[in-house]
Amino acid sequence: MKIGIETISMYVPRYGLDLRILAEHRDVDYNKYHQGIGQEFMSVPSPDEDVVTMGANAAQQAMAGVDPTDVRTVIFATESGIDQSKAAAIYVHKLLSLPENCRTVEMKQACCSSSSALHFALATVALKPKEKVLIIASDIARYGLESAGEPTQGAGAVAMVISASPRIMEIGPEVGYFTEDVMDFWRPNYKNEALVDGKYSIKVYMNALEHCWKHYQEETHARFEDFDHFCYHLPFSRMGTKAHLHLARHEKAGLSSKELQAQVDPSLGYNRITGNAYTASLYMGLLSLLDNNDLNLAHKNIGFFSYGSGCMGAFFGGSVLPGYREHLNSSERAAWLRDRHHLTYEEYLSFYNHSLPQNGHNYRTSRHRSGAFRLAGVESHQRIYECVPAGAGASAESVKALAAAPAV
Ligand code: HMG
């Protein structure tokens, strides 16, 4: 029985900041961002977006053509959760009107929980092949203003339906794991931004990659040359290149640097223009690879390395299915990415500094460009979500409410 990805889609906010603008305001040579870390543009969520709205927007697309009554499990992977108790999956379940006979959970282990969600989904489908699992990975990567992590910020969501009738990719059941208690990146409950030891986090990432690969080899006897392309967790795009060269050196891969670049480069494109999206980042890399028009990936084997600070890693493999291209919304994705609104520096600050009342007071969020779902506000300590009629724009009142922010 083949089990894997039946549908996959992604959502990123309709706003973003060109890193040339950030470089200018931080008095940094733009080449450091462009070449040094490999970033050009970062997605910035508007005040009426959060992980639920982004996740619901991605999931709505992933569910197109899927019978909702087949979905018995919704797993929401995030490290930017909106509640300590209630799963974000329940909000999405309601927004998408999924059937009531469904289990709905949220999972956490930094950027890596989306891959654990995938592997739990594979096991569920193996046990009950008629059931499908909807996985949502949604995050807002936020660091302090003027911190080293700031240019790597981003936001977005990926949703996938995992089933015994995959159309995009079959995923193998074997996984190489690694866990170690380290403090490379974390976010205590009282902080809105991550704390990070950046250089150390890169070392820990590389160490986890080596251990996961070794474990994967022990489990499968796989060789480096069994894979045609590689997708890595991408906190910034250059990390994917660094990780791939590191693994190739470790394996004495005997490929030219051009050949090695060709194995990893196609997965980096979306990260360059959206930034880190934590749990969604690896799978945005997969979409970047799949959307590449110059490659016919049918029957190609893809190696995945998922990394979550703290830390846990997972290495696993998948094989692209013939006809995959017909089931991707590649041109719609390209148009969405192209049409994003470029923020000014002041608008970026205004979005960054916006926060919901910390005391639970009732609040209406101003309307900005969004997808099909938005956060309307807070009432009685509860987040209120609403569907956005196609073509709806911002109201005059909402524009006044967040004067410095762009409204449409
Ligand atoms: P930094 O101190 O700003 O940058 O931190 P740097 O000085 O290390 O420079 C970066 C690169 O730019 C270097 O290249 C420089 O040489 C180069 P490298 O040595 O790496 O080859 N450079 C230039 N290149 C061209 N022209 C120039 C120029 N100047 C310098 N003028 C750092 C960079 C990534 C550490 C920082 O952005 C950071 O702290 N980011 C956040 C943490 C992070 O992303 N860690 C990655 C691994 S951990 C992870 O992936 C998990 C995570 O996603 C969270 C989760 O799991 O939930 C973060």
# chains A, B, ... in the order shown; residues from 1 in each chain; ligands from 1
>>> residues_near_ligand(ligand="ligand 1", cutoff="9 Å", atoms="only C-alpha atoms and all ligand atoms", output="number ranges by chain")
A: 28-38, 79, 109-112, 141, 143, 147-153, 184-186, 194-206, 233-236, 238-239, 242, 276-279, 281, 306-312
>>> select_by_dssp(residues="region 141-350 of chain A", states="strand (DSSP E)", output="PyMOL selection string")
chain A and resi 141+154-163+169-179+185-186+195-196+229-232+301-308+312-320+341-342
>>> residues_around(residues="region 159-176 of chain A", least_positions_apart="3", cutoff="8 Å", atoms="only C-alpha atoms", output="VMD selection string")
chain A and resid 1 to 10 55 58 to 59 62 to 63 118 to 119 121 to 122 125 to 126 129 to 137 211 to 217 219 to 220 314 to 325 327
>>> write_last_selection(atoms="C-alpha atoms", output="PDB file, in the first residue's frame")
ATOM      1  CA  MET A   1       0.000   0.000   0.000  1.00  0.00           C
ATOM      2  CA  LYS A   2       1.291   3.455  -0.972  1.00  0.00           C
ATOM      3  CA  ILE A   3       0.817   6.142   1.663  1.00  0.00           C
ATOM      4  CA  GLY A   4       1.773   9.764   1.267  1.00  0.00           C
ATOM      5  CA  ILE A   5       0.779  13.261   0.243  1.00  0.00           C
ATOM      6  CA  GLU A   6      -2.523  13.432  -1.649  1.00  0.00           C
ATOM      7  CA  THR A   7      -2.702  17.244  -1.724  1.00  0.00           C
ATOM      8  CA  ILE A   8      -0.418  20.044  -0.560  1.00  0.00           C
ATOM      9  CA  SER A   9      -0.886  23.806  -0.502  1.00  0.00           C
ATOM     10  CA  MET A  10       0.615  26.860   1.121  1.00  0.00           C
ATOM     11  CA  GLY A  55      -3.556  27.516   8.591  1.00  0.00           C
ATOM     12  CA  ALA A  58      -3.789  26.750   3.448  1.00  0.00           C
ATOM     13  CA  ALA A  59      -6.115  23.930   4.553  1.00  0.00           C
ATOM     14  CA  ALA A  62      -5.581  21.424   0.406  1.00  0.00           C
ATOM     15  CA  MET A  63      -9.142  20.175   0.995  1.00  0.00           C
ATOM     16  CA  LEU A 118       3.410  13.603   9.024  1.00  0.00           C
ATOM     17  CA  HIS A 119       4.806  10.400  10.533  1.00  0.00           C
ATOM     18  CA  ALA A 121      -0.434  10.524   9.946  1.00  0.00           C
ATOM     19  CA  LEU A 122       1.363   7.799   7.961  1.00  0.00           C
ATOM     20  CA  VAL A 125      -3.428   5.665   7.559  1.00  0.00           C
ATOM     21  CA  ALA A 126      -1.434   2.399   7.654  1.00  0.00           C
ATOM     22  CA  PRO A 129      -6.402   2.992   5.094  1.00  0.00           C
ATOM     23  CA  LYS A 130      -9.835   4.511   4.406  1.00  0.00           C
ATOM     24  CA  GLU A 131      -9.145   7.447   6.701  1.00  0.00           C
ATOM     25  CA  LYS A 132      -7.328  10.608   5.676  1.00  0.00           C
ATOM     26  CA  VAL A 133      -5.373  12.984   7.879  1.00  0.00           C
ATOM     27  CA  LEU A 134      -5.245  16.752   7.398  1.00  0.00           C
ATOM     28  CA  ILE A 135      -1.946  18.192   8.599  1.00  0.00           C
ATOM     29  CA  ILE A 136      -1.485  21.934   9.034  1.00  0.00           C
ATOM     30  CA  ALA A 137       1.869  23.569   9.784  1.00  0.00           C
ATOM     31  CA  HIS A 211      23.035  11.848  13.729  1.00  0.00           C
ATOM     32  CA  CYS A 212      19.694  11.620  11.896  1.00  0.00           C
ATOM     33  CA  TRP A 213      21.390  10.556   8.671  1.00  0.00           C
ATOM     34  CA  LYS A 214      23.407   7.912  10.542  1.00  0.00           C
ATOM     35  CA  HIS A 215      20.269   6.546  12.200  1.00  0.00           C
ATOM     36  CA  TYR A 216      18.412   6.601   8.873  1.00  0.00           C
ATOM     37  CA  GLN A 217      21.247   4.625   7.277  1.00  0.00           C
ATOM     38  CA  GLU A 219      17.433   1.669   9.547  1.00  0.00           C
ATOM     39  CA  THR A 220      17.472   1.542   5.733  1.00  0.00           C
ATOM     40  CA  ALA A 314      14.315  13.621  11.583  1.00  0.00           C
ATOM     41  CA  PHE A 315      15.645  12.355   8.243  1.00  0.00           C
ATOM     42  CA  PHE A 316      13.287  10.522   5.889  1.00  0.00           C
ATOM     43  CA  GLY A 317      12.633   9.937   2.202  1.00  0.00           C
ATOM     44  CA  GLY A 318       9.838  10.254  -0.333  1.00  0.00           C
ATOM     45  CA  SER A 319       9.287   9.462  -3.987  1.00  0.00           C
ATOM     46  CA  VAL A 320       7.464  11.864  -6.326  1.00  0.00           C
ATOM     47  CA  LEU A 321       4.518  10.308  -8.158  1.00  0.00           C
ATOM     48  CA  PRO A 322       3.947  10.608 -11.912  1.00  0.00           C
ATOM     49  CA  GLY A 323       1.266  13.208 -12.731  1.00  0.00           C
ATOM     50  CA  TYR A 324       2.077  15.199  -9.554  1.00  0.00           C
ATOM     51  CA  ARG A 325       2.117  18.478 -11.480  1.00  0.00           C
ATOM     52  CA  HIS A 327      -2.406  18.355  -8.595  1.00  0.00           C
TER      53      HIS A 327
END
>>> select_by_dssp(residues="region 83-123 of chain A", states="alpha helix (DSSP H)", output="number ranges by chain")
A: 88-95, 113-123
>>> write_last_selection(atoms="N, CA, C and O atoms", output="mmCIF file, in the first residue's frame")
data_model
loop_
_atom_site.group_PDB
_atom_site.id
_atom_site.type_symbol
_atom_site.label_atom_id
_atom_site.label_comp_id
_atom_site.auth_asym_id
_atom_site.auth_seq_id
_atom_site.Cartn_x
_atom_site.Cartn_y
_atom_site.Cartn_z
ATOM 1 N N ALA A 88 -5.402 24.724 18.072
ATOM 2 C CA ALA A 88 -5.716 25.558 16.895
ATOM 3 C C ALA A 88 -6.478 24.742 15.856
ATOM 4 O O ALA A 88 -7.253 25.292 15.061
ATOM 5 N N ALA A 89 -6.289 23.426 15.871
ATOM 6 C CA ALA A 89 -6.977 22.551 14.908
ATOM 7 C C ALA A 89 -8.492 22.675 15.029
ATOM 8 O O ALA A 89 -9.216 22.533 14.036
ATOM 9 N N ILE A 90 -9.001 22.953 16.236
ATOM 10 C CA ILE A 90 -10.460 23.034 16.424
ATOM 11 C C ILE A 90 -11.024 24.263 15.712
ATOM 12 O O ILE A 90 -12.077 24.208 15.095
ATOM 13 N N TYR A 91 -10.287 25.371 15.749
ATOM 14 C CA TYR A 91 -10.747 26.571 15.040
ATOM 15 C C TYR A 91 -10.800 26.303 13.532
ATOM 16 O O TYR A 91 -11.735 26.687 12.855
ATOM 17 N N VAL A 92 -9.750 25.647 13.037
ATOM 18 C CA VAL A 92 -9.712 25.367 11.590
ATOM 19 C C VAL A 92 -10.823 24.378 11.225
ATOM 20 O O VAL A 92 -11.500 24.534 10.202
ATOM 21 N N HIS A 93 -11.017 23.383 12.074
ATOM 22 C CA HIS A 93 -12.086 22.395 11.870
ATOM 23 C C HIS A 93 -13.419 23.125 11.669
ATOM 24 O O HIS A 93 -14.187 22.810 10.768
ATOM 25 N N LYS A 94 -13.669 24.149 12.503
ATOM 26 C CA LYS A 94 -14.934 24.885 12.387
ATOM 27 C C LYS A 94 -14.957 25.756 11.124
ATOM 28 O O LYS A 94 -15.930 25.752 10.373
ATOM 29 N N LEU A 95 -13.865 26.485 10.880
ATOM 30 C CA LEU A 95 -13.840 27.385 9.717
ATOM 31 C C LEU A 95 -14.041 26.611 8.415
ATOM 32 O O LEU A 95 -14.605 27.118 7.455
ATOM 33 N N SER A 113 7.736 19.691 14.567
ATOM 34 C CA SER A 113 6.508 18.955 14.887
ATOM 35 C C SER A 113 5.689 18.637 13.635
ATOM 36 O O SER A 113 4.926 17.671 13.621
ATOM 37 N N SER A 114 5.855 19.435 12.578
ATOM 38 C CA SER A 114 5.106 19.142 11.336
ATOM 39 C C SER A 114 5.538 17.787 10.771
ATOM 40 O O SER A 114 4.721 17.044 10.217
ATOM 41 N N SER A 115 6.827 17.447 10.932
ATOM 42 C CA SER A 115 7.295 16.158 10.406
ATOM 43 C C SER A 115 6.819 15.021 11.297
ATOM 44 O O SER A 115 6.475 13.941 10.802
ATOM 45 N N SER A 116 6.773 15.255 12.612
ATOM 46 C CA SER A 116 6.190 14.230 13.484
ATOM 47 C C SER A 116 4.711 14.060 13.143
ATOM 48 O O SER A 116 4.197 12.938 13.138
ATOM 49 N N ALA A 117 4.027 15.175 12.854
ATOM 50 C CA ALA A 117 2.614 15.079 12.438
ATOM 51 C C ALA A 117 2.503 14.201 11.192
ATOM 52 O O ALA A 117 1.626 13.334 11.097
ATOM 53 N N LEU A 118 3.418 14.398 10.259
ATOM 54 C CA LEU A 118 3.410 13.603 9.024
ATOM 55 C C LEU A 118 3.590 12.118 9.347
ATOM 56 O O LEU A 118 2.864 11.263 8.827
ATOM 57 N N HIS A 119 4.539 11.814 10.237
ATOM 58 C CA HIS A 119 4.806 10.400 10.533
ATOM 59 C C HIS A 119 3.678 9.772 11.365
ATOM 60 O O HIS A 119 3.343 8.608 11.159
ATOM 61 N N PHE A 120 3.046 10.551 12.240
ATOM 62 C CA PHE A 120 1.859 10.029 12.946
ATOM 63 C C PHE A 120 0.726 9.786 11.943
ATOM 64 O O PHE A 120 -0.023 8.814 12.057
ATOM 65 N N ALA A 121 0.624 10.678 10.962
ATOM 66 C CA ALA A 121 -0.434 10.524 9.946
ATOM 67 C C ALA A 121 -0.201 9.266 9.115
ATOM 68 O O ALA A 121 -1.141 8.509 8.831
ATOM 69 N N LEU A 122 1.053 9.010 8.746
ATOM 70 C CA LEU A 122 1.363 7.799 7.961
ATOM 71 C C LEU A 122 0.960 6.551 8.753
ATOM 72 O O LEU A 122 0.372 5.604 8.208
ATOM 73 N N ALA A 123 1.260 6.564 10.053
ATOM 74 C CA ALA A 123 0.936 5.401 10.899
ATOM 75 C C ALA A 123 -0.573 5.235 11.021
ATOM 76 O O ALA A 123 -1.092 4.113 10.977
#
>>> closest_residue(among="A:Pro47, A:Gly240, A:Gly275, A:Gly285", to="Gln261 (chain A)", atoms="only C-alpha atoms")
A:Gly240
>>> residues_around(residues="Thr241 (chain A)", least_positions_apart="5", cutoff="9 Å", atoms="only C-alpha atoms", output="list in words")
Tyr232, His246, Leu260, Gln261, Val264, Asp265 and Leu268 of chain A
>>> closest_residue(among="A:Ala262, A:Tyr283, A:Gly156, A:His229", to="Ala298 (chain A)", atoms="only C-alpha atoms")
A:His229
>>> atom_distance(atom1="CA of Arg20 (chain A)", atom2="CA of Tyr345 (chain A)")
10.3 Å
>>> atom_distance(atom1="CA of Phe230 (chain A)", atom2="CA of Asp139 (chain A)")
22.5 Å
>>> atom_distance(atom1="CA of Thr365 (chain A)", atom2="CA of Asp48 (chain A)")
5.7 Å
>>> residues_around(residues="Tyr363 (chain A)", least_positions_apart="4", cutoff="8 Å", atoms="only C-alpha atoms", output="list in words")
Leu356, Pro357, Gly377, Val378 and Glu379 of chain A
